[in-house]
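Pasting structure-v1.cif here (mmCIF, C-alpha atoms):
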data_query
loop_
_atom_site.label_atom_id
_atom_site.label_comp_id
_atom_site.auth_asym_id
_atom_site.auth_seq_id
_atom_site.Cartn_x
_atom_site.Cartn_y
_atom_site.Cartn_z
CA MET A 1 0.00 0.00 0.00
CA ALA A 2 1.44 3.38 -0.97
CA ARG A 3 1.37 5.85 1.88
CA THR A 4 0.62 9.49 1.24
CA CYS A 5 1.03 10.80 4.80
CA PRO A 6 4.04 10.99 7.16
CA HIS A 7 2.45 8.52 9.59
CA HIS A 8 0.36 5.41 9.45
CA PHE A 9 -1.82 3.33 11.74
CA VAL A 10 -1.06 -0.26 12.67
CA LEU A 11 -3.88 -2.65 13.59
CA PHE A 12 -2.92 -5.38 16.07
CA LYS A 13 -4.91 -8.43 17.17
CA TYR A 14 -3.65 -9.95 20.42
CA ASP A 15 -3.64 -13.67 21.21
CA LYS A 16 -4.98 -12.95 24.70
CA PRO A 17 -7.28 -10.12 25.78
CA MET A 18 -5.70 -7.01 27.28
CA PRO A 19 -6.68 -6.04 30.86
CA ASN A 20 -9.65 -4.08 29.46
CA GLY A 21 -10.88 -7.22 27.64
CA ASN A 22 -10.06 -5.91 24.16
CA ILE A 23 -8.09 -8.03 21.70
CA TYR A 24 -7.59 -5.23 19.15
CA ASN A 25 -5.41 -2.14 19.32
CA ILE A 26 -4.64 0.61 16.81
CA TRP A 27 -1.33 2.44 17.15
CA LYS A 28 -0.14 5.52 15.31
CA SER A 29 3.37 5.06 13.95
CA TYR A 30 5.64 7.72 12.48
CA ASP A 31 8.47 5.44 11.37
CA GLU A 32 7.85 4.37 7.77
CA ASP A 33 10.62 1.77 7.98
CA MET A 34 9.36 0.11 11.18
CA VAL A 35 7.94 -3.39 10.76
CA TRP A 36 5.86 -4.37 13.76
CA ASP A 37 5.92 -7.95 14.99
CA SER A 38 5.41 -9.79 18.24
CA PRO A 39 4.83 -13.39 19.33
CA GLY A 40 1.80 -12.22 21.34
CA CYS A 41 -0.10 -10.51 18.54
CA GLU A 42 -0.78 -10.47 14.84
CA VAL A 43 -0.43 -7.36 12.69
CA LEU A 44 -3.61 -7.18 10.64
CA GLY A 45 -2.44 -4.29 8.52
CA TYR A 46 -1.00 -0.81 8.03
CA PHE A 47 -3.40 2.00 7.13
CA ASP A 48 -3.17 5.64 6.08
CA THR A 49 -6.08 6.72 8.30
CA TYR A 50 -7.51 5.75 11.66
CA LYS A 51 -10.92 5.23 10.03
CA GLN A 52 -9.42 2.67 7.63
CA ALA A 53 -7.93 0.81 10.59
CA GLN A 54 -11.28 0.92 12.41
CA ALA A 55 -13.06 -0.47 9.32
CA ALA A 56 -10.53 -3.31 9.09
CA ARG A 57 -11.01 -4.08 12.80
CA ALA A 58 -14.80 -4.18 12.32
CA ALA A 59 -14.43 -6.48 9.31
CA ASP A 60 -12.14 -8.82 11.28
CA LYS A 61 -14.65 -8.93 14.14
CA ARG A 62 -17.35 -9.96 11.64
CA GLY A 63 -15.04 -12.60 10.20
CA LEU A 64 -14.75 -10.99 6.76
#
Would you mind giving the structure from this file in structure tokens?
Amino acid sequence: MARTCPHHFVLFKYDKPMPNGNIYNIWKSYDEDMVWDSPGCEVLGYFDTYKQAQAARAADKRGL
């Protein structure tokens, strides 16, 4: 995906719920070269806008 802004949003899905019970998290990242990875979560995607990340989270919750 070509990025047109100096930052992007990363959508994570955790293997275990966080203390608040949520398994999803959206982080804003300013480092274009950073590749996020962790054994405790899956990166579902990188998005130009927060709304795009929210839509992807909603689609994943619905199983799409």
Result set, the PyMOL selection byres ((chain A and resi 54) around 12) on current file, as a list in words: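 Applied to this file, the PyMOL selection byres ((chain A and resi 54) around 12) selects Phe9, Val10, Leu11, Phe12, Tyr24, Asn25, Ile26, Trp27, Leu44, Gly45, Tyr46, Phe47, Asp48, Thr49, Tyr50, Lys51, Gln52, Ala53, Ala55, Ala56, Arg57, Ala58, Ala59, Asp60 and Lys61 of chain A.
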Of the candidates A:Lys13, A:His7, A:Arg62, A:Lys28, which one gets nearest to Val43 of chain A if we count all atoms listed in the file? A:Lys13
In Å, rounded to a single decimal, give me how far atom CA of His8 of chain A is from atom CA of Ser29 of chain A. 5.4 Å
Could you pull the residues within 9 Å of Asp15 of chain A, counting only C-alpha atoms, minus those fewer than 5 positions along the same chain, as a PDB file with C-alpha atoms, in the coordinates of the input?
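Okay, part-v4.pdb is ready:
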ATOM      1  CA  ILE A  23      -8.090  -8.030  21.700  1.00  0.00           C
ATOM      2  CA  PRO A  39       4.830 -13.390  19.330  1.00  0.00           C
ATOM      3  CA  GLY A  40       1.800 -12.220  21.340  1.00  0.00           C
ATOM      4  CA  CYS A  41      -0.100 -10.510  18.540  1.00  0.00           C
ATOM      5  CA  GLU A  42      -0.780 -10.470  14.840  1.00  0.00           C
TER       6      GLU A  42
END
Put a box with edges along x, y and z around all the listed atoms of segment 37-51 of chain A, pad it by 4 Å on each side, then give me its centre and sizes in Å, one decimal, as AutoDock Vina command-line options.
--center_x -2.5 --center_y -3.3 --center_z 13.7 --size_x 24.8 --size_y 28.1 --size_z 23.3
Output: segment 13-48 of chain A of the preceding structure, restricted to N, CA, C and O atoms, written as a short mmCIF file (atom, residue, chain, number, x, y, z; two decimals), in the first residue's frame.
data_model
loop_
_atom_site.label_atom_id
_atom_site.label_comp_id
_atom_site.auth_asym_id
_atom_site.auth_seq_id
_atom_site.Cartn_x
_atom_site.Cartn_y
_atom_site.Cartn_z
N LYS A 13 -3.96 -7.51 16.54
CA LYS A 13 -4.91 -8.43 17.17
C LYS A 13 -4.11 -9.31 18.11
O LYS A 13 -3.23 -10.06 17.68
N TYR A 14 -4.41 -9.22 19.40
CA TYR A 14 -3.65 -9.95 20.42
C TYR A 14 -4.17 -11.37 20.59
O TYR A 14 -5.36 -11.63 20.41
N ASP A 15 -3.26 -12.27 20.96
CA ASP A 15 -3.64 -13.67 21.21
C ASP A 15 -4.50 -13.80 22.46
O ASP A 15 -5.38 -14.65 22.52
N LYS A 16 -4.22 -12.96 23.45
CA LYS A 16 -4.98 -12.95 24.70
C LYS A 16 -5.53 -11.56 24.92
O LYS A 16 -4.89 -10.57 24.57
N PRO A 17 -6.71 -11.45 25.53
CA PRO A 17 -7.28 -10.12 25.78
C PRO A 17 -6.38 -9.27 26.68
O PRO A 17 -5.72 -9.78 27.58
N MET A 18 -6.40 -7.97 26.42
CA MET A 18 -5.70 -7.01 27.28
C MET A 18 -6.49 -6.88 28.58
O MET A 18 -7.61 -7.40 28.68
N PRO A 19 -5.96 -6.19 29.59
CA PRO A 19 -6.68 -6.04 30.86
C PRO A 19 -8.10 -5.46 30.70
O PRO A 19 -8.99 -5.79 31.48
N ASN A 20 -8.32 -4.64 29.68
CA ASN A 20 -9.65 -4.08 29.46
C ASN A 20 -10.57 -5.03 28.68
O ASN A 20 -11.70 -4.68 28.36
N GLY A 21 -10.08 -6.22 28.35
CA GLY A 21 -10.88 -7.22 27.64
C GLY A 21 -10.81 -7.13 26.12
O GLY A 21 -11.34 -7.97 25.42
N ASN A 22 -10.15 -6.11 25.60
CA ASN A 22 -10.06 -5.91 24.16
C ASN A 22 -8.94 -6.76 23.57
O ASN A 22 -7.90 -6.93 24.18
N ILE A 23 -9.16 -7.28 22.38
CA ILE A 23 -8.09 -8.03 21.70
C ILE A 23 -7.51 -7.25 20.53
O ILE A 23 -6.60 -7.72 19.87
N TYR A 24 -8.06 -6.06 20.25
CA TYR A 24 -7.59 -5.23 19.15
C TYR A 24 -6.98 -3.95 19.70
O TYR A 24 -7.40 -3.43 20.72
N ASN A 25 -6.00 -3.42 18.96
CA ASN A 25 -5.41 -2.14 19.32
C ASN A 25 -4.93 -1.48 18.04
O ASN A 25 -4.41 -2.14 17.14
N ILE A 26 -5.11 -0.17 17.95
CA ILE A 26 -4.64 0.61 16.81
C ILE A 26 -3.61 1.60 17.32
O ILE A 26 -3.89 2.37 18.23
N TRP A 27 -2.42 1.55 16.75
CA TRP A 27 -1.33 2.44 17.15
C TRP A 27 -0.97 3.34 15.99
O TRP A 27 -0.94 2.91 14.83
N LYS A 28 -0.65 4.59 16.31
CA LYS A 28 -0.14 5.52 15.31
C LYS A 28 1.37 5.38 15.28
O LYS A 28 2.02 5.40 16.32
N SER A 29 1.93 5.23 14.10
CA SER A 29 3.37 5.06 13.95
C SER A 29 3.90 6.10 12.98
O SER A 29 3.29 6.37 11.95
N TYR A 30 5.04 6.70 13.33
CA TYR A 30 5.64 7.72 12.48
C TYR A 30 6.85 7.20 11.71
O TYR A 30 7.39 7.90 10.88
N ASP A 31 7.27 6.00 11.99
CA ASP A 31 8.47 5.44 11.37
C ASP A 31 8.05 4.58 10.18
O ASP A 31 7.57 3.46 10.34
N GLU A 32 8.25 5.09 8.98
CA GLU A 32 7.85 4.37 7.77
C GLU A 32 8.61 3.06 7.58
O GLU A 32 8.16 2.16 6.90
N ASP A 33 9.79 2.96 8.16
CA ASP A 33 10.62 1.77 7.98
C ASP A 33 10.39 0.71 9.06
O ASP A 33 10.95 -0.37 8.99
N MET A 34 9.59 1.03 10.07
CA MET A 34 9.36 0.11 11.18
C MET A 34 8.41 -1.00 10.75
O MET A 34 7.35 -0.74 10.18
N VAL A 35 8.80 -2.23 11.00
CA VAL A 35 7.94 -3.39 10.76
C VAL A 35 7.58 -3.95 12.12
O VAL A 35 8.45 -4.37 12.88
N TRP A 36 6.31 -3.92 12.45
CA TRP A 36 5.86 -4.37 13.76
C TRP A 36 5.66 -5.88 13.76
O TRP A 36 5.13 -6.45 12.82
N ASP A 37 6.08 -6.51 14.86
CA ASP A 37 5.92 -7.95 14.99
C ASP A 37 6.06 -8.32 16.45
O ASP A 37 6.80 -7.67 17.20
N SER A 38 5.35 -9.33 16.86
CA SER A 38 5.41 -9.79 18.24
C SER A 38 4.85 -11.21 18.31
O SER A 38 3.92 -11.53 17.58
N PRO A 39 5.39 -12.04 19.19
CA PRO A 39 4.83 -13.39 19.33
C PRO A 39 3.44 -13.37 19.97
O PRO A 39 2.70 -14.34 19.86
N GLY A 40 3.08 -12.28 20.64
CA GLY A 40 1.80 -12.22 21.34
C GLY A 40 0.68 -11.58 20.56
O GLY A 40 -0.45 -11.48 21.05
N CYS A 41 0.96 -11.14 19.33
CA CYS A 41 -0.10 -10.51 18.54
C CYS A 41 0.17 -10.67 17.06
O CYS A 41 1.27 -11.03 16.64
N GLU A 42 -0.85 -10.40 16.29
CA GLU A 42 -0.78 -10.47 14.84
C GLU A 42 -1.01 -9.06 14.29
O GLU A 42 -1.91 -8.36 14.75
N VAL A 43 -0.20 -8.64 13.36
CA VAL A 43 -0.43 -7.36 12.69
C VAL A 43 -1.42 -7.62 11.56
O VAL A 43 -1.15 -8.39 10.64
N LEU A 44 -2.59 -6.98 11.66
CA LEU A 44 -3.61 -7.18 10.64
C LEU A 44 -3.44 -6.24 9.46
O LEU A 44 -4.02 -6.48 8.40
N GLY A 45 -2.68 -5.17 9.65
CA GLY A 45 -2.44 -4.29 8.52
C GLY A 45 -1.92 -2.93 8.92
O GLY A 45 -1.91 -2.57 10.10
N TYR A 46 -1.48 -2.18 7.91
CA TYR A 46 -1.00 -0.81 8.03
C TYR A 46 -1.94 0.06 7.21
O TYR A 46 -2.25 -0.28 6.06
N PHE A 47 -2.38 1.19 7.78
CA PHE A 47 -3.40 2.00 7.13
C PHE A 47 -3.01 3.48 7.17
O PHE A 47 -2.37 3.93 8.10
N ASP A 48 -3.45 4.22 6.15
CA ASP A 48 -3.17 5.64 6.08
C ASP A 48 -4.00 6.44 7.09
O ASP A 48 -3.56 7.47 7.57
#
